[in-house]
There are 2 protein chains.
Amino acid sequence: MHPLIQHIQRITGVREAAEASILPFFETCSFRKKAFLLEEGHHCHAYFFVIRGCLRLFFADQNGIEQTMQFALEHWWMTDLEAFRSGRRSAYSIQALEATEVMIIGPENYSRMLDEVPLMEKYFRRVYERAYAASLLRVQMISRMPKHEFYELFESKYPDFIQRVPQKILASFLGFTPEYLSELRKKRTEKKR
Amino acid sequence: MHPLIQHIQRITGVREAAEASILPFFETCSFRKKAFLLEEGHHCHAYFFVIRGCLRLFFADQNGIEQTMQFALEHWWMTDLEAFRSGRRSAYSIQALEATEVMIIGPENYSRMLDEVPLMEKYFRRVYERAYAASLLRVQMISRMPKHEFYELFESKYPDFIQRVPQKILASFLGFTPEYLSELRKKRTEKKR
């Protein structure tokens, strides 16, 4: 079964997700490692669903340092949602951290699909509900937890990330310096021995 | 027309939102100023829609300082979404900043309503899509913009807030010290004269 249809069935609990009414809204595309799928300041005409690989969404802060806000592994959605919804220029860039295969839907097809396939309203309501809840939780955990506890929690929740994402990028996402992250990982490796 | 039905029509663009199929899922409740609608560490059985008044969602950080994460004015939704969804204990408190009237829906009624009224899937999909996009934008603006620019943007987007929310709480939401916010407001008032 197609990975997107599988995901829709898992998230909605509905078994009868019809491939033929959903997949034609999408295109499939492959990107090499380090390729840009979206560049800051450009219009954002694409919403990505990751079939295989890993994406990151980032921006350059006041000091020109890249701040990674989000990752997307297999079965995650990614876009600059504000730019995609509004048609305004993007405030973020999206880059492939590995060779990555995605499904792509544009704004018009996204609207049409939601109008024509009610199941997709349920699906995206649940996708956004989770994403929104998680984004609030993340801000709170960064503010409240001691840094090493936050790292341990993150490691237990997303073990794949720790392996797949370059240290420097992971550090920026966690709000750590690369040095602090490297020290923390060293300590934890020693502890496990 | 009932304010919730009005809001559903506005967000979905659908004129035929049937009061009789939606409102019975809710209760209406009034809280005095400073009342707690949810306390940190308790279970979260309620999702609030503000009819009149103002709520804030906050937690105490590592140093015991209250950090305000969100506000809700008229026609905004508020809950600890993670706790409401999962049944786990809440990581936040919710407090009324003014005398506040809300509609309340519990987790079971929320699920039933979404199953029975497809329009509500569309409505909440759009509510969450906006909220999620806004939460990402907020983190980015805090990280990237000079503080006084962020304040000016916030003031132009939400003039009501600046008037209605106590300075100390507004400062915590903006990531400012109360002293910095007070200085900024003084400067801006002088400029306008």
# chains A, B, ... in the order shown; residues from 1 in each chain; ligands from 1
call {"tool": "residues_around", "arguments": {"residues": "Pro3 (chain A)", "least_positions_apart": "6", "cutoff": "10 Å", "atoms": "only C-alpha atoms", "output": "number ranges by chain"}}
result
A: 9, 49-52, 74-75
call {"tool": "interface_residues", "arguments": {"of": "chain B", "to": "chain A", "cutoff": "7 Å", "atoms": "only C-alpha atoms", "output": "mmCIF file with all heavy atoms, in the first residue's frame"}}
result
data_model
loop_
_atom_site.group_PDB
_atom_site.id
_atom_site.type_symbol
_atom_site.label_atom_id
_atom_site.label_comp_id
_atom_site.auth_asym_id
_atom_site.auth_seq_id
_atom_site.Cartn_x
_atom_site.Cartn_y
_atom_site.Cartn_z
ATOM 1 N N ASP B 61 8.428 28.419 35.403
ATOM 2 C CA ASP B 61 9.680 27.864 34.858
ATOM 3 C C ASP B 61 10.591 27.333 35.980
ATOM 4 O O ASP B 61 10.195 27.301 37.150
ATOM 5 C CB ASP B 61 10.381 28.891 33.963
ATOM 6 C CG ASP B 61 10.997 30.036 34.746
ATOM 7 O OD1 ASP B 61 11.053 29.969 35.993
ATOM 8 O OD2 ASP B 61 11.424 31.012 34.102
ATOM 9 N N GLN B 62 11.790 26.912 35.615
ATOM 10 C CA GLN B 62 12.731 26.324 36.585
ATOM 11 C C GLN B 62 12.965 27.209 37.802
ATOM 12 O O GLN B 62 13.277 26.717 38.878
ATOM 13 C CB GLN B 62 14.100 26.133 35.909
ATOM 14 C CG GLN B 62 14.141 25.077 34.835
ATOM 15 C CD GLN B 62 15.551 24.961 34.274
ATOM 16 O OE1 GLN B 62 16.480 24.589 34.966
ATOM 17 N NE2 GLN B 62 15.705 25.310 33.007
ATOM 18 N N LEU B 81 -3.710 21.435 25.127
ATOM 19 C CA LEU B 81 -4.160 20.515 24.081
ATOM 20 C C LEU B 81 -3.564 19.112 24.266
ATOM 21 O O LEU B 81 -4.243 18.111 24.046
ATOM 22 C CB LEU B 81 -3.784 21.097 22.714
ATOM 23 C CG LEU B 81 -4.397 20.462 21.478
ATOM 24 C CD1 LEU B 81 -5.905 20.368 21.559
ATOM 25 C CD2 LEU B 81 -3.992 21.220 20.222
ATOM 26 N N GLU B 82 -2.319 19.044 24.672
ATOM 27 C CA GLU B 82 -1.662 17.752 24.879
ATOM 28 C C GLU B 82 -2.365 16.965 25.991
ATOM 29 O O GLU B 82 -2.651 15.778 25.840
ATOM 30 C CB GLU B 82 -0.180 17.987 25.219
ATOM 31 C CG GLU B 82 0.673 16.753 25.330
ATOM 32 C CD GLU B 82 0.798 15.989 24.026
ATOM 33 O OE1 GLU B 82 0.707 16.606 22.955
ATOM 34 O OE2 GLU B 82 0.971 14.748 24.102
ATOM 35 N N GLU B 121 -15.022 19.125 11.470
ATOM 36 C CA GLU B 121 -13.684 18.689 11.032
ATOM 37 C C GLU B 121 -13.037 19.804 10.212
ATOM 38 O O GLU B 121 -11.873 20.139 10.403
ATOM 39 C CB GLU B 121 -13.756 17.408 10.198
ATOM 40 C CG GLU B 121 -14.112 16.148 10.962
ATOM 41 C CD GLU B 121 -12.952 15.583 11.784
ATOM 42 O OE1 GLU B 121 -11.910 16.248 11.965
ATOM 43 O OE2 GLU B 121 -13.116 14.439 12.259
ATOM 44 N N LYS B 122 -13.810 20.356 9.286
ATOM 45 C CA LYS B 122 -13.287 21.447 8.470
ATOM 46 C C LYS B 122 -12.941 22.647 9.350
ATOM 47 O O LYS B 122 -11.883 23.254 9.215
ATOM 48 C CB LYS B 122 -14.312 21.865 7.405
ATOM 49 C CG LYS B 122 -13.825 23.002 6.489
ATOM 50 C CD LYS B 122 -14.894 23.495 5.521
ATOM 51 C CE LYS B 122 -15.076 22.612 4.311
ATOM 52 N NZ LYS B 122 -13.936 22.593 3.389
ATOM 53 N N PHE B 124 -12.209 22.815 12.659
ATOM 54 C CA PHE B 124 -11.025 22.636 13.506
ATOM 55 C C PHE B 124 -9.758 22.442 12.672
ATOM 56 O O PHE B 124 -8.680 22.845 13.088
ATOM 57 C CB PHE B 124 -11.219 21.497 14.511
ATOM 58 C CG PHE B 124 -11.921 21.943 15.761
ATOM 59 C CD1 PHE B 124 -13.253 21.635 15.976
ATOM 60 C CD2 PHE B 124 -11.262 22.713 16.698
ATOM 61 C CE1 PHE B 124 -13.907 22.072 17.120
ATOM 62 C CE2 PHE B 124 -11.905 23.159 17.843
ATOM 63 C CZ PHE B 124 -13.237 22.837 18.058
ATOM 64 N N ARG B 125 -9.888 21.845 11.494
ATOM 65 C CA ARG B 125 -8.701 21.765 10.630
ATOM 66 C C ARG B 125 -8.183 23.172 10.358
ATOM 67 O O ARG B 125 -6.983 23.432 10.464
ATOM 68 C CB ARG B 125 -9.046 21.059 9.308
ATOM 69 C CG ARG B 125 -7.837 20.649 8.481
ATOM 70 C CD ARG B 125 -7.470 21.666 7.403
ATOM 71 N NE ARG B 125 -8.573 21.864 6.455
ATOM 72 C CZ ARG B 125 -8.609 22.861 5.599
ATOM 73 N NH1 ARG B 125 -7.627 23.770 5.559
ATOM 74 N NH2 ARG B 125 -9.636 23.006 4.781
ATOM 75 N N TYR B 128 -6.736 24.863 13.678
ATOM 76 C CA TYR B 128 -5.407 24.352 14.037
ATOM 77 C C TYR B 128 -4.361 24.760 13.007
ATOM 78 O O TYR B 128 -3.220 25.017 13.352
ATOM 79 C CB TYR B 128 -5.410 22.823 14.152
ATOM 80 C CG TYR B 128 -6.172 22.319 15.345
ATOM 81 C CD1 TYR B 128 -7.121 21.312 15.205
ATOM 82 C CD2 TYR B 128 -5.954 22.844 16.613
ATOM 83 C CE1 TYR B 128 -7.826 20.845 16.298
ATOM 84 C CE2 TYR B 128 -6.666 22.381 17.707
ATOM 85 C CZ TYR B 128 -7.598 21.378 17.539
ATOM 86 O OH TYR B 128 -8.303 20.918 18.615
ATOM 87 N N GLU B 129 -4.739 24.754 11.751
ATOM 88 C CA GLU B 129 -3.790 25.139 10.708
ATOM 89 C C GLU B 129 -3.293 26.564 10.961
ATOM 90 O O GLU B 129 -2.093 26.830 10.928
ATOM 91 C CB GLU B 129 -4.479 25.041 9.341
ATOM 92 C CG GLU B 129 -3.551 25.119 8.161
ATOM 93 C CD GLU B 129 -4.300 24.958 6.844
ATOM 94 O OE1 GLU B 129 -4.663 23.816 6.519
ATOM 95 O OE2 GLU B 129 -4.547 25.972 6.161
ATOM 96 N N TYR B 132 -1.216 26.647 14.317
ATOM 97 C CA TYR B 132 0.101 26.028 14.151
ATOM 98 C C TYR B 132 1.020 26.957 13.354
ATOM 99 O O TYR B 132 2.165 27.198 13.733
ATOM 100 C CB TYR B 132 -0.071 24.674 13.462
ATOM 101 C CG TYR B 132 1.207 23.938 13.217
ATOM 102 C CD1 TYR B 132 2.102 23.703 14.253
ATOM 103 C CD2 TYR B 132 1.521 23.460 11.950
ATOM 104 C CE1 TYR B 132 3.287 23.024 14.022
ATOM 105 C CE2 TYR B 132 2.688 22.775 11.719
ATOM 106 C CZ TYR B 132 3.572 22.560 12.751
ATOM 107 O OH TYR B 132 4.737 21.892 12.519
ATOM 108 N N ALA B 133 0.496 27.513 12.272
ATOM 109 C CA ALA B 133 1.284 28.454 11.468
ATOM 110 C C ALA B 133 1.702 29.657 12.317
ATOM 111 O O ALA B 133 2.857 30.096 12.277
ATOM 112 C CB ALA B 133 0.483 28.906 10.247
ATOM 113 N N SER B 143 13.068 34.983 17.654
ATOM 114 C CA SER B 143 14.494 34.697 17.440
ATOM 115 C C SER B 143 15.152 35.696 16.496
ATOM 116 O O SER B 143 16.340 35.941 16.575
ATOM 117 C CB SER B 143 14.691 33.315 16.813
ATOM 118 O OG SER B 143 13.847 32.377 17.386
ATOM 119 N N ARG B 144 14.380 36.234 15.557
ATOM 120 C CA ARG B 144 15.031 36.937 14.472
ATOM 121 C C ARG B 144 14.930 38.459 14.547
ATOM 122 O O ARG B 144 15.836 39.169 14.139
ATOM 123 C CB ARG B 144 14.457 36.479 13.138
ATOM 124 C CG ARG B 144 15.054 37.242 11.971
ATOM 125 C CD ARG B 144 15.388 36.365 10.823
ATOM 126 N NE ARG B 144 14.200 35.861 10.195
ATOM 127 C CZ ARG B 144 14.221 35.273 8.996
ATOM 128 N NH1 ARG B 144 15.365 35.120 8.348
ATOM 129 N NH2 ARG B 144 13.139 34.810 8.473
ATOM 130 N N MET B 145 13.788 38.957 15.038
ATOM 131 C CA MET B 145 13.577 40.401 14.972
ATOM 132 C C MET B 145 14.215 41.105 16.153
ATOM 133 O O MET B 145 14.195 40.578 17.258
ATOM 134 C CB MET B 145 12.078 40.678 15.047
ATOM 135 C CG MET B 145 11.348 40.437 13.785
ATOM 136 S SD MET B 145 9.667 41.021 14.040
ATOM 137 C CE MET B 145 9.285 41.509 12.389
#
call {"tool": "closest_residue", "arguments": {"among": "B:Arg188, B:Phe36, B:Glu16, B:Pro107", "to": "Glu149 (chain B)", "atoms": "only C-alpha atoms"}}
result
B:Arg188
call {"tool": "select_by_dssp", "arguments": {"residues": "region 29-137 of chain B", "states": "strand (DSSP E)", "output": "JSON, numbers by chain"}}
result
{"B": [29, 30, 31, 36, 37, 38, 47, 48, 49, 50, 51, 52, 55, 56, 57, 58, 59, 60, 66, 67, 68, 69, 70, 71, 72, 77, 78, 93, 94, 95, 96, 100, 101, 102, 103, 104, 105]}
call {"tool": "residues_around", "arguments": {"residues": "Ile104 (chain B)", "least_positions_apart": "3", "cutoff": "6 Å", "atoms": "only C-alpha atoms", "output": "ChimeraX atom specification"}}
result
/B:26-27,46-48
call {"tool": "atom_distance", "arguments": {"atom1": "CA of Glu40 (chain B)", "atom2": "CA of Phe154 (chain A)"}}
result
22.2 Å
call {"tool": "atom_distance", "arguments": {"atom1": "CA of His7 (chain B)", "atom2": "CA of Leu97 (chain B)"}}
result
22.3 Å
call {"tool": "select_by_dssp", "arguments": {"residues": "chain B", "states": "helix (DSSP H, G or I)", "output": "PyMOL selection string"}}
result
chain B and resi 3-12+19-25+81-86+107-116+118-144+147-157+159-164+167-174+178-192
call {"tool": "atom_distance", "arguments": {"atom1": "CA of Ile94 (chain A)", "atom2": "CA of Met78 (chain A)"}}
result
8.4 Å
call {"tool": "closest_residue", "arguments": {"among": "B:His45, B:Lys157, B:Lys147, B:Arg138", "to": "Tyr110 (chain B)", "atoms": "only C-alpha atoms"}}
result
B:His45
call {"tool": "residues_around", "arguments": {"residues": "Lys168 (chain B)", "least_positions_apart": "6", "cutoff": "9 Å", "atoms": "only C-alpha atoms", "output": "PyMOL selection string"}}
result
chain B and resi 177-179+181
